[in-house]
Amino acid sequence: MKKLTFSIYRYNPEVDTKPRMQDYTLELEDNQDLMVLEALIKIKEEQDPSLAFRRSCREGVCGSDGLNMNGKNGLACITNLSSLKSNKIVIRPLPGLPVMRDLIVDMTQFYKQYEKVKPYLINDEKTPPARERLQSPEERAKLDGLYECILCACCSTSCPSFWWNPDKFVGPAGLLHAYRFLADSRDTATEQRLDDLDDAFSVFRCHGIMNCVNVCPKGLNPTKAIGHIKSMLLSRAV
Amino acid sequence: MVKIASTFGRSGTHDYILLRASALILASYAVFLIAWLVCNPGVSYADWVGFFGHIGVKIYTLLALTGLLIHAWIGIWQVLTDYVKNSLLRGAIQYVVVIALFVYWFTGLFVLWGV
Ligand code: SF4
Ligand code: SF4
Ligand code: FES
């Protein structure tokens, strides 16, 4: 048997005056491994039903259980306890967003930034095609590494630029989506999209620290997408 | 689109280009100055005067001071908008910094004028 200690961030604004860390212990067989989400569910079921966290698909698809585990953001459902390489596991909500309760954060600011980039196809051709808008395999390939984002917010909440200006800097997730539509051969609003991004904050607050790349559970690279947006803005300006 | 008045450039892209361009000027000027110092060990007052009396060096120095003005204006503004959330305080700090930068620039101009 091995003993794991979980130190979990607790805060219920209805009764607590300030947040605190609460410890729980779980005993596992020596060769047993669990996902962090399974451990949380176990704690909730067996020890403390008041512990609050979000989860849905439990297989890394829905993006609901982004958490900060031993200092690094990730999805609890696809993070092995063994990968944290410690018998003491500290779990906190995603940093930088207001906490609603325990591990649940208010994602409004994050979604607002997502909304800002108009994450949908805009096409102003007068006559829509009879069946569908075709793309060549090469044009389609440009969207790889962009469309897979599940909006878990692990990236944006690990980005210092987003922490300091969550209302002005779009953040890595939103910018990944912005580029997804800038790169889409079927989208005709490229100029308008670039105009909307060309201020001192929306894109240019990214200083290429690459925390976002480091944490993305889908292995995406927002920094690269942001680089492409910057080049598009620059080549338009000179 | 985020609208903000107190930075230097007209747009995010404009700021970005100015920041990079001024950084290049500053870096090349630093290399130039250090190279000159290395090539002329034990510089005397006369050496300094001769050096800065050269019209090319005068122009280059003024260019570097202008680069400093632009680079620090935008750079400090970026740092302040990250860390100083009170806009009144931020405005005051930015104001002092910009004044200081202009003082450097004019001091440089008058010094160069004199040699
Ligand atoms: S690379 Fe840019 S977006 Fe990604 S964490 Fe760094 S500053 Fe944020
Ligand atoms: S880019 Fe990655 S980390 Fe960021 S929201 Fe999308 S899936 Fe999550
Ligand atoms: S529960 Fe859906 S991504 Fe983890």
# chains A, B, ... in the order shown; residues from 1 in each chain; ligands from 1
>>> residues_near_ligand(ligand="ligand 3", cutoff="9 Å", atoms="only C-alpha atoms and all ligand atoms", output="compact mmCIF listing (two decimals) with C-alpha atoms, in the first residue's frame")
# COMPACT_ATOMS: atom_id res chain seq x y z
CA LEU A 37 -10.11 13.07 -11.62
CA ARG A 54 -16.38 20.23 -12.77
CA ARG A 55 -16.10 17.20 -14.97
CA SER A 56 -18.05 15.59 -17.74
CA CYS A 57 -16.54 13.32 -20.38
CA ARG A 58 -13.69 12.00 -18.19
CA GLU A 59 -11.64 11.31 -21.32
CA GLY A 60 -10.02 14.60 -22.32
CA VAL A 61 -12.65 15.69 -24.81
CA CYS A 62 -15.02 18.15 -23.14
CA GLY A 63 -12.53 20.45 -21.47
CA SER A 64 -14.44 20.88 -18.20
CA ASP A 65 -11.86 19.73 -15.69
CA GLY A 66 -8.91 22.03 -16.28
CA GLY A 74 -3.92 20.26 -17.16
CA LEU A 75 -7.03 18.12 -17.46
CA ALA A 76 -7.58 16.06 -14.31
CA CYS A 77 -9.17 13.20 -16.27
CA ILE A 78 -6.09 12.49 -18.38
CA ILE A 150 -11.49 22.10 -26.64
CA CYS A 152 -10.33 24.03 -21.54
>>> residues_around(residues="region 5-22 of chain A", least_positions_apart="6", cutoff="7 Å", atoms="only C-alpha atoms", output="mmCIF file with all heavy atoms, in the first residue's frame")
data_model
loop_
_atom_site.group_PDB
_atom_site.id
_atom_site.type_symbol
_atom_site.label_atom_id
_atom_site.label_comp_id
_atom_site.auth_asym_id
_atom_site.auth_seq_id
_atom_site.Cartn_x
_atom_site.Cartn_y
_atom_site.Cartn_z
ATOM 1 N N ASN A 87 4.267 12.043 -3.747
ATOM 2 C CA ASN A 87 3.208 11.502 -2.906
ATOM 3 C C ASN A 87 2.353 12.603 -2.306
ATOM 4 O O ASN A 87 1.373 12.340 -1.628
ATOM 5 C CB ASN A 87 3.804 10.634 -1.784
ATOM 6 C CG ASN A 87 4.298 9.325 -2.349
ATOM 7 O OD1 ASN A 87 3.820 8.870 -3.403
ATOM 8 N ND2 ASN A 87 5.268 8.723 -1.680
ATOM 9 N N LYS A 88 2.767 13.822 -2.548
ATOM 10 C CA LYS A 88 1.971 14.957 -2.084
ATOM 11 C C LYS A 88 1.473 15.705 -3.319
ATOM 12 O O LYS A 88 2.259 16.139 -4.163
ATOM 13 C CB LYS A 88 2.831 15.868 -1.205
ATOM 14 C CG LYS A 88 2.124 17.142 -0.832
ATOM 15 C CD LYS A 88 2.361 17.518 0.616
ATOM 16 C CE LYS A 88 1.749 18.882 0.880
ATOM 17 N NZ LYS A 88 0.595 18.918 1.710
ATOM 18 N N ILE A 89 0.169 15.806 -3.434
ATOM 19 C CA ILE A 89 -0.396 16.414 -4.636
ATOM 20 C C ILE A 89 -1.220 17.639 -4.265
ATOM 21 O O ILE A 89 -2.145 17.558 -3.449
ATOM 22 C CB ILE A 89 -1.236 15.381 -5.407
ATOM 23 C CG1 ILE A 89 -0.270 14.327 -5.992
ATOM 24 C CG2 ILE A 89 -2.026 16.033 -6.527
ATOM 25 C CD1 ILE A 89 -0.876 12.988 -6.154
ATOM 26 N N VAL A 90 -0.809 18.764 -4.823
ATOM 27 C CA VAL A 90 -1.491 20.013 -4.509
ATOM 28 C C VAL A 90 -2.409 20.371 -5.674
ATOM 29 O O VAL A 90 -1.959 20.480 -6.817
ATOM 30 C CB VAL A 90 -0.468 21.148 -4.276
ATOM 31 C CG1 VAL A 90 -1.184 22.437 -3.892
ATOM 32 C CG2 VAL A 90 0.533 20.747 -3.197
ATOM 33 N N ILE A 91 -3.688 20.517 -5.384
ATOM 34 C CA ILE A 91 -4.643 20.813 -6.455
ATOM 35 C C ILE A 91 -5.320 22.152 -6.199
ATOM 36 O O ILE A 91 -5.913 22.382 -5.138
ATOM 37 C CB ILE A 91 -5.693 19.691 -6.574
ATOM 38 C CG1 ILE A 91 -4.973 18.364 -6.826
ATOM 39 C CG2 ILE A 91 -6.672 19.994 -7.702
ATOM 40 C CD1 ILE A 91 -5.898 17.202 -7.020
ATOM 41 N N ARG A 92 -5.199 23.014 -7.203
ATOM 42 C CA ARG A 92 -5.805 24.338 -7.106
ATOM 43 C C ARG A 92 -6.663 24.594 -8.337
ATOM 44 O O ARG A 92 -6.480 23.939 -9.361
ATOM 45 C CB ARG A 92 -4.706 25.420 -7.061
ATOM 46 C CG ARG A 92 -3.847 25.380 -5.832
ATOM 47 C CD ARG A 92 -2.673 26.338 -5.991
ATOM 48 N NE ARG A 92 -1.893 26.413 -4.766
ATOM 49 C CZ ARG A 92 -2.204 27.179 -3.730
ATOM 50 N NH1 ARG A 92 -3.266 27.970 -3.791
ATOM 51 N NH2 ARG A 92 -1.461 27.173 -2.652
ATOM 52 N N ARG A 101 -16.391 28.358 -6.477
ATOM 53 C CA ARG A 101 -16.395 27.471 -5.315
ATOM 54 C C ARG A 101 -15.323 26.405 -5.519
ATOM 55 O O ARG A 101 -15.233 25.816 -6.599
ATOM 56 C CB ARG A 101 -17.764 26.823 -5.169
ATOM 57 C CG ARG A 101 -17.776 25.883 -4.014
ATOM 58 C CD ARG A 101 -19.151 25.594 -3.511
ATOM 59 N NE ARG A 101 -19.068 24.436 -2.633
ATOM 60 C CZ ARG A 101 -20.100 23.764 -2.202
ATOM 61 N NH1 ARG A 101 -21.301 24.136 -2.558
ATOM 62 N NH2 ARG A 101 -19.941 22.728 -1.412
ATOM 63 N N ASP A 102 -14.525 26.149 -4.490
ATOM 64 C CA ASP A 102 -13.465 25.129 -4.531
ATOM 65 C C ASP A 102 -12.664 25.175 -5.839
ATOM 66 O O ASP A 102 -11.936 26.119 -6.084
ATOM 67 C CB ASP A 102 -14.047 23.736 -4.292
ATOM 68 C CG ASP A 102 -14.686 23.614 -2.915
ATOM 69 O OD1 ASP A 102 -14.425 24.490 -2.064
ATOM 70 O OD2 ASP A 102 -15.440 22.654 -2.692
ATOM 71 N N LEU A 103 -12.841 24.144 -6.680
ATOM 72 C CA LEU A 103 -12.022 24.065 -7.892
ATOM 73 C C LEU A 103 -12.759 24.614 -9.120
ATOM 74 O O LEU A 103 -12.276 24.489 -10.249
ATOM 75 C CB LEU A 103 -11.595 22.612 -8.127
ATOM 76 C CG LEU A 103 -10.788 22.009 -6.966
ATOM 77 C CD1 LEU A 103 -10.527 20.527 -7.186
ATOM 78 C CD2 LEU A 103 -9.465 22.752 -6.777
#
>>> select_by_dssp(residues="chain A", states="alpha helix (DSSP H)", output="PyMOL selection string")
chain A and resi 36-46+108-116+137-141+160-164+171-182+190-197+211-215+222-237
>>> interface_residues(of="chain B", to="chain A", cutoff="12 Å", atoms="only C-alpha atoms", output="PyMOL selection string")
chain B and resi 1-20+74-75+77-85
>>> residues_near_ligand(ligand="ligand 1", cutoff="6 Å", atoms="only C-alpha atoms and all ligand atoms", output="PyMOL selection string")
chain A and resi 159+161+171-172+206-212+223
>>> select_by_dssp(residues="region 1-236 of chain A", states="strand (DSSP E)", output="PyMOL selection string")
chain A and resi 2-10+20-28+66-69+72-75+88-92+99-101+104-105
>>> residues_near_ligand(ligand="ligand 2", cutoff="8 Å", atoms="only C-alpha atoms and all ligand atoms", output="short mmCIF file (atom, residue, chain, number, x, y, z; two decimals) with N, CA, C and O atoms, in the first residue's frame")
data_model
loop_
_atom_site.label_atom_id
_atom_site.label_comp_id
_atom_site.auth_asym_id
_atom_site.auth_seq_id
_atom_site.Cartn_x
_atom_site.Cartn_y
_atom_site.Cartn_z
N GLY A 63 -13.23 19.28 -21.97
CA GLY A 63 -12.53 20.45 -21.47
C GLY A 63 -13.07 21.04 -20.19
O GLY A 63 -12.80 22.18 -19.86
N GLY A 74 -3.67 21.42 -16.32
CA GLY A 74 -3.92 20.26 -17.16
C GLY A 74 -5.32 19.75 -16.91
O GLY A 74 -6.05 20.27 -16.06
N LEU A 146 -5.26 23.51 -35.14
CA LEU A 146 -6.02 24.69 -34.72
C LEU A 146 -7.44 24.31 -34.29
O LEU A 146 -7.93 24.75 -33.27
N GLU A 148 -8.62 21.57 -33.21
CA GLU A 148 -8.76 20.56 -32.16
C GLU A 148 -8.98 21.14 -30.77
O GLU A 148 -9.28 20.40 -29.83
N CYS A 149 -8.82 22.44 -30.62
CA CYS A 149 -8.91 23.06 -29.29
C CYS A 149 -10.27 22.80 -28.64
O CYS A 149 -11.31 22.94 -29.26
N ILE A 150 -10.25 22.41 -27.36
CA ILE A 150 -11.49 22.10 -26.64
C ILE A 150 -11.86 23.18 -25.63
O ILE A 150 -12.72 22.98 -24.77
N LEU A 151 -11.18 24.33 -25.70
CA LEU A 151 -11.51 25.47 -24.82
C LEU A 151 -11.48 25.11 -23.34
O LEU A 151 -12.37 25.49 -22.58
N CYS A 152 -10.44 24.41 -22.94
CA CYS A 152 -10.33 24.03 -21.54
C CYS A 152 -9.75 25.15 -20.68
O CYS A 152 -9.80 25.10 -19.47
N ALA A 153 -9.14 26.14 -21.34
CA ALA A 153 -8.57 27.32 -20.66
C ALA A 153 -7.27 27.05 -19.92
O ALA A 153 -6.78 27.91 -19.20
N CYS A 154 -6.71 25.85 -20.06
CA CYS A 154 -5.43 25.57 -19.41
C CYS A 154 -4.36 26.57 -19.88
O CYS A 154 -3.53 27.03 -19.11
N CYS A 155 -4.38 26.87 -21.17
CA CYS A 155 -3.35 27.75 -21.74
C CYS A 155 -3.51 29.19 -21.25
O CYS A 155 -2.58 29.77 -20.68
N SER A 156 -4.69 29.76 -21.47
CA SER A 156 -4.86 31.18 -21.14
C SER A 156 -4.63 31.44 -19.66
O SER A 156 -4.08 32.48 -19.28
N PRO A 172 -4.08 32.99 -25.43
CA PRO A 172 -3.70 31.96 -26.39
C PRO A 172 -4.88 31.18 -26.99
O PRO A 172 -4.88 30.92 -28.20
N ALA A 173 -5.88 30.81 -26.18
CA ALA A 173 -6.98 30.01 -26.73
C ALA A 173 -7.75 30.81 -27.78
O ALA A 173 -7.98 30.34 -28.90
N GLY A 174 -8.13 32.04 -27.42
CA GLY A 174 -8.87 32.88 -28.36
C GLY A 174 -8.07 33.15 -29.62
O GLY A 174 -8.62 33.13 -30.73
N LEU A 176 -5.70 31.29 -30.92
CA LEU A 176 -5.63 30.07 -31.73
C LEU A 176 -6.87 29.99 -32.63
O LEU A 176 -6.77 29.68 -33.82
N CYS A 212 1.73 28.56 -22.61
CA CYS A 212 0.53 27.96 -23.21
C CYS A 212 0.87 26.64 -23.89
O CYS A 212 0.16 25.65 -23.74
N VAL A 213 1.96 26.64 -24.65
CA VAL A 213 2.37 25.43 -25.37
C VAL A 213 2.72 24.33 -24.37
O VAL A 213 2.41 23.16 -24.55
N VAL A 215 1.46 23.66 -21.53
CA VAL A 215 0.38 23.01 -20.79
C VAL A 215 -0.74 22.42 -21.65
O VAL A 215 -1.53 21.63 -21.15
N CYS A 216 -0.84 22.80 -22.90
CA CYS A 216 -2.01 22.38 -23.68
C CYS A 216 -2.17 20.86 -23.70
O CYS A 216 -1.31 20.14 -24.20
N PRO A 217 -3.29 20.36 -23.15
CA PRO A 217 -3.47 18.90 -23.08
C PRO A 217 -3.72 18.27 -24.44
O PRO A 217 -3.62 17.05 -24.58
N LYS A 218 -4.03 19.07 -25.44
CA LYS A 218 -4.23 18.52 -26.77
C LYS A 218 -2.96 18.66 -27.61
O LYS A 218 -2.98 18.39 -28.82
N GLY A 219 -1.89 19.10 -27.00
CA GLY A 219 -0.62 19.23 -27.71
C GLY A 219 -0.63 20.30 -28.79
O GLY A 219 0.11 20.20 -29.77
N LEU A 220 -1.45 21.33 -28.63
CA LEU A 220 -1.51 22.38 -29.64
C LEU A 220 -0.47 23.46 -29.34
O LEU A 220 0.10 23.52 -28.26
N ASN A 221 -0.25 24.31 -30.32
CA ASN A 221 0.79 25.32 -30.18
C ASN A 221 0.25 26.73 -30.45
O ASN A 221 0.40 27.27 -31.54
N PRO A 222 -0.39 27.34 -29.44
CA PRO A 222 -0.93 28.69 -29.64
C PRO A 222 0.16 29.72 -30.00
O PRO A 222 -0.11 30.62 -30.80
#
>>> residues_around(residues="Leu37 (chain B)", least_positions_apart="6", cutoff="12 Å", atoms="only C-alpha atoms", output="ChimeraX atom specification")
/B:30-31,43-44,47-48,51
>>> write_last_selection(atoms="C-alpha atoms", output="PDB file, in the first residue's frame")
ATOM      1  CA  ALA B  30      26.097  49.789 -27.860  1.00  0.00           C
ATOM      2  CA  VAL B  31      28.316  47.471 -29.909  1.00  0.00           C
ATOM      3  CA  VAL B  43      40.767  57.389 -23.548  1.00  0.00           C
ATOM      4  CA  SER B  44      41.578  60.990 -22.749  1.00  0.00           C
ATOM      5  CA  ASP B  47      39.886  61.513 -27.593  1.00  0.00           C
ATOM      6  CA  TRP B  48      36.275  61.899 -26.428  1.00  0.00           C
ATOM      7  CA  PHE B  51      35.139  61.092 -31.264  1.00  0.00           C
TER       8      PHE B  51
END
>>> residues_around(residues="Lys126 (chain A)", least_positions_apart="3", cutoff="12 Å", atoms="only C-alpha atoms", output="PyMOL selection string")
chain A and resi 123+129+188
>>> residues_around(residues="Arg133 (chain A)", least_positions_apart="6", cutoff="12 Å", atoms="only C-alpha atoms", output="JSON, numbers by chain")
{"A": [121, 123, 125, 127, 139, 140, 184, 185, 186, 187]}
>>> residues_around(residues="region 95-106 of chain B", least_positions_apart="3", cutoff="8 Å", atoms="only C-alpha atoms", output="MDAnalysis selection string")
chainID B and resid 62 65:66 68:69 72:73 91:92 109:110
>>> write_last_selection(atoms="all heavy atoms", output="short mmCIF file (atom, residue, chain, number, x, y, z; two decimals), in the first residue's frame")
data_model
loop_
_atom_site.label_atom_id
_atom_site.label_comp_id
_atom_site.auth_asym_id
_atom_site.auth_seq_id
_atom_site.Cartn_x
_atom_site.Cartn_y
_atom_site.Cartn_z
N LEU B 62 22.52 60.77 -31.78
CA LEU B 62 21.18 61.35 -31.71
C LEU B 62 20.13 60.32 -32.09
O LEU B 62 19.05 60.24 -31.49
CB LEU B 62 21.11 62.56 -32.65
CG LEU B 62 20.26 63.71 -32.14
CD1 LEU B 62 20.75 64.17 -30.77
CD2 LEU B 62 20.27 64.86 -33.11
N LEU B 65 19.68 58.06 -29.16
CA LEU B 65 18.86 58.70 -28.12
C LEU B 65 17.38 58.70 -28.52
O LEU B 65 16.50 58.52 -27.68
CB LEU B 65 19.34 60.13 -27.88
CG LEU B 65 20.58 60.25 -26.98
CD1 LEU B 65 21.15 61.66 -27.05
CD2 LEU B 65 20.23 59.89 -25.54
N THR B 66 17.12 58.93 -29.81
CA THR B 66 15.75 58.86 -30.29
C THR B 66 15.22 57.44 -30.13
O THR B 66 14.07 57.23 -29.72
CB THR B 66 15.68 59.29 -31.76
OG1 THR B 66 16.38 60.52 -31.90
CG2 THR B 66 14.25 59.47 -32.22
N LEU B 68 16.16 55.32 -27.91
CA LEU B 68 15.92 55.13 -26.48
C LEU B 68 14.57 55.72 -26.08
O LEU B 68 13.78 55.11 -25.36
CB LEU B 68 17.04 55.79 -25.67
CG LEU B 68 16.90 55.67 -24.15
CD1 LEU B 68 17.21 54.24 -23.71
CD2 LEU B 68 17.79 56.65 -23.42
N LEU B 69 14.30 56.92 -26.59
CA LEU B 69 13.04 57.59 -26.29
C LEU B 69 11.86 56.72 -26.68
O LEU B 69 10.95 56.45 -25.88
CB LEU B 69 12.99 58.93 -27.04
CG LEU B 69 11.70 59.73 -26.94
CD1 LEU B 69 11.64 60.46 -25.61
CD2 LEU B 69 11.56 60.74 -28.07
N ALA B 72 11.86 53.08 -24.78
CA ALA B 72 11.48 53.14 -23.37
C ALA B 72 10.03 53.60 -23.23
O ALA B 72 9.30 53.12 -22.35
CB ALA B 72 12.41 54.09 -22.61
N TRP B 73 9.60 54.50 -24.09
CA TRP B 73 8.21 54.97 -24.04
C TRP B 73 7.26 53.78 -24.16
O TRP B 73 6.41 53.53 -23.31
CB TRP B 73 7.96 55.97 -25.17
CG TRP B 73 6.62 56.64 -25.15
CD1 TRP B 73 5.41 56.06 -24.90
CD2 TRP B 73 6.35 58.03 -25.40
NE1 TRP B 73 4.41 56.99 -24.99
CE2 TRP B 73 4.95 58.20 -25.29
CE3 TRP B 73 7.15 59.13 -25.71
CZ2 TRP B 73 4.33 59.44 -25.50
CZ3 TRP B 73 6.53 60.36 -25.92
CH2 TRP B 73 5.14 60.51 -25.81
N GLY B 91 -0.76 56.81 -15.10
CA GLY B 91 -0.60 58.01 -15.92
C GLY B 91 0.52 58.89 -15.37
O GLY B 91 1.35 59.40 -16.12
N ALA B 92 0.55 59.03 -14.04
CA ALA B 92 1.56 59.89 -13.41
C ALA B 92 2.96 59.33 -13.65
O ALA B 92 3.88 60.07 -14.03
CB ALA B 92 1.27 59.99 -11.91
N LEU B 109 21.36 66.31 -27.13
CA LEU B 109 21.44 67.24 -28.26
C LEU B 109 22.37 68.41 -27.93
O LEU B 109 23.26 68.77 -28.71
CB LEU B 109 20.03 67.77 -28.59
CG LEU B 109 19.96 68.75 -29.76
CD1 LEU B 109 20.22 68.02 -31.08
CD2 LEU B 109 18.61 69.45 -29.81
N PHE B 110 22.21 69.03 -26.74
CA PHE B 110 23.01 70.19 -26.39
C PHE B 110 24.48 69.83 -26.19
O PHE B 110 25.37 70.57 -26.59
CB PHE B 110 22.44 70.89 -25.14
CG PHE B 110 21.10 71.52 -25.40
CD1 PHE B 110 20.04 71.35 -24.53
CD2 PHE B 110 20.89 72.26 -26.58
CE1 PHE B 110 18.80 71.92 -24.80
CE2 PHE B 110 19.65 72.82 -26.84
CZ PHE B 110 18.60 72.65 -25.95
#
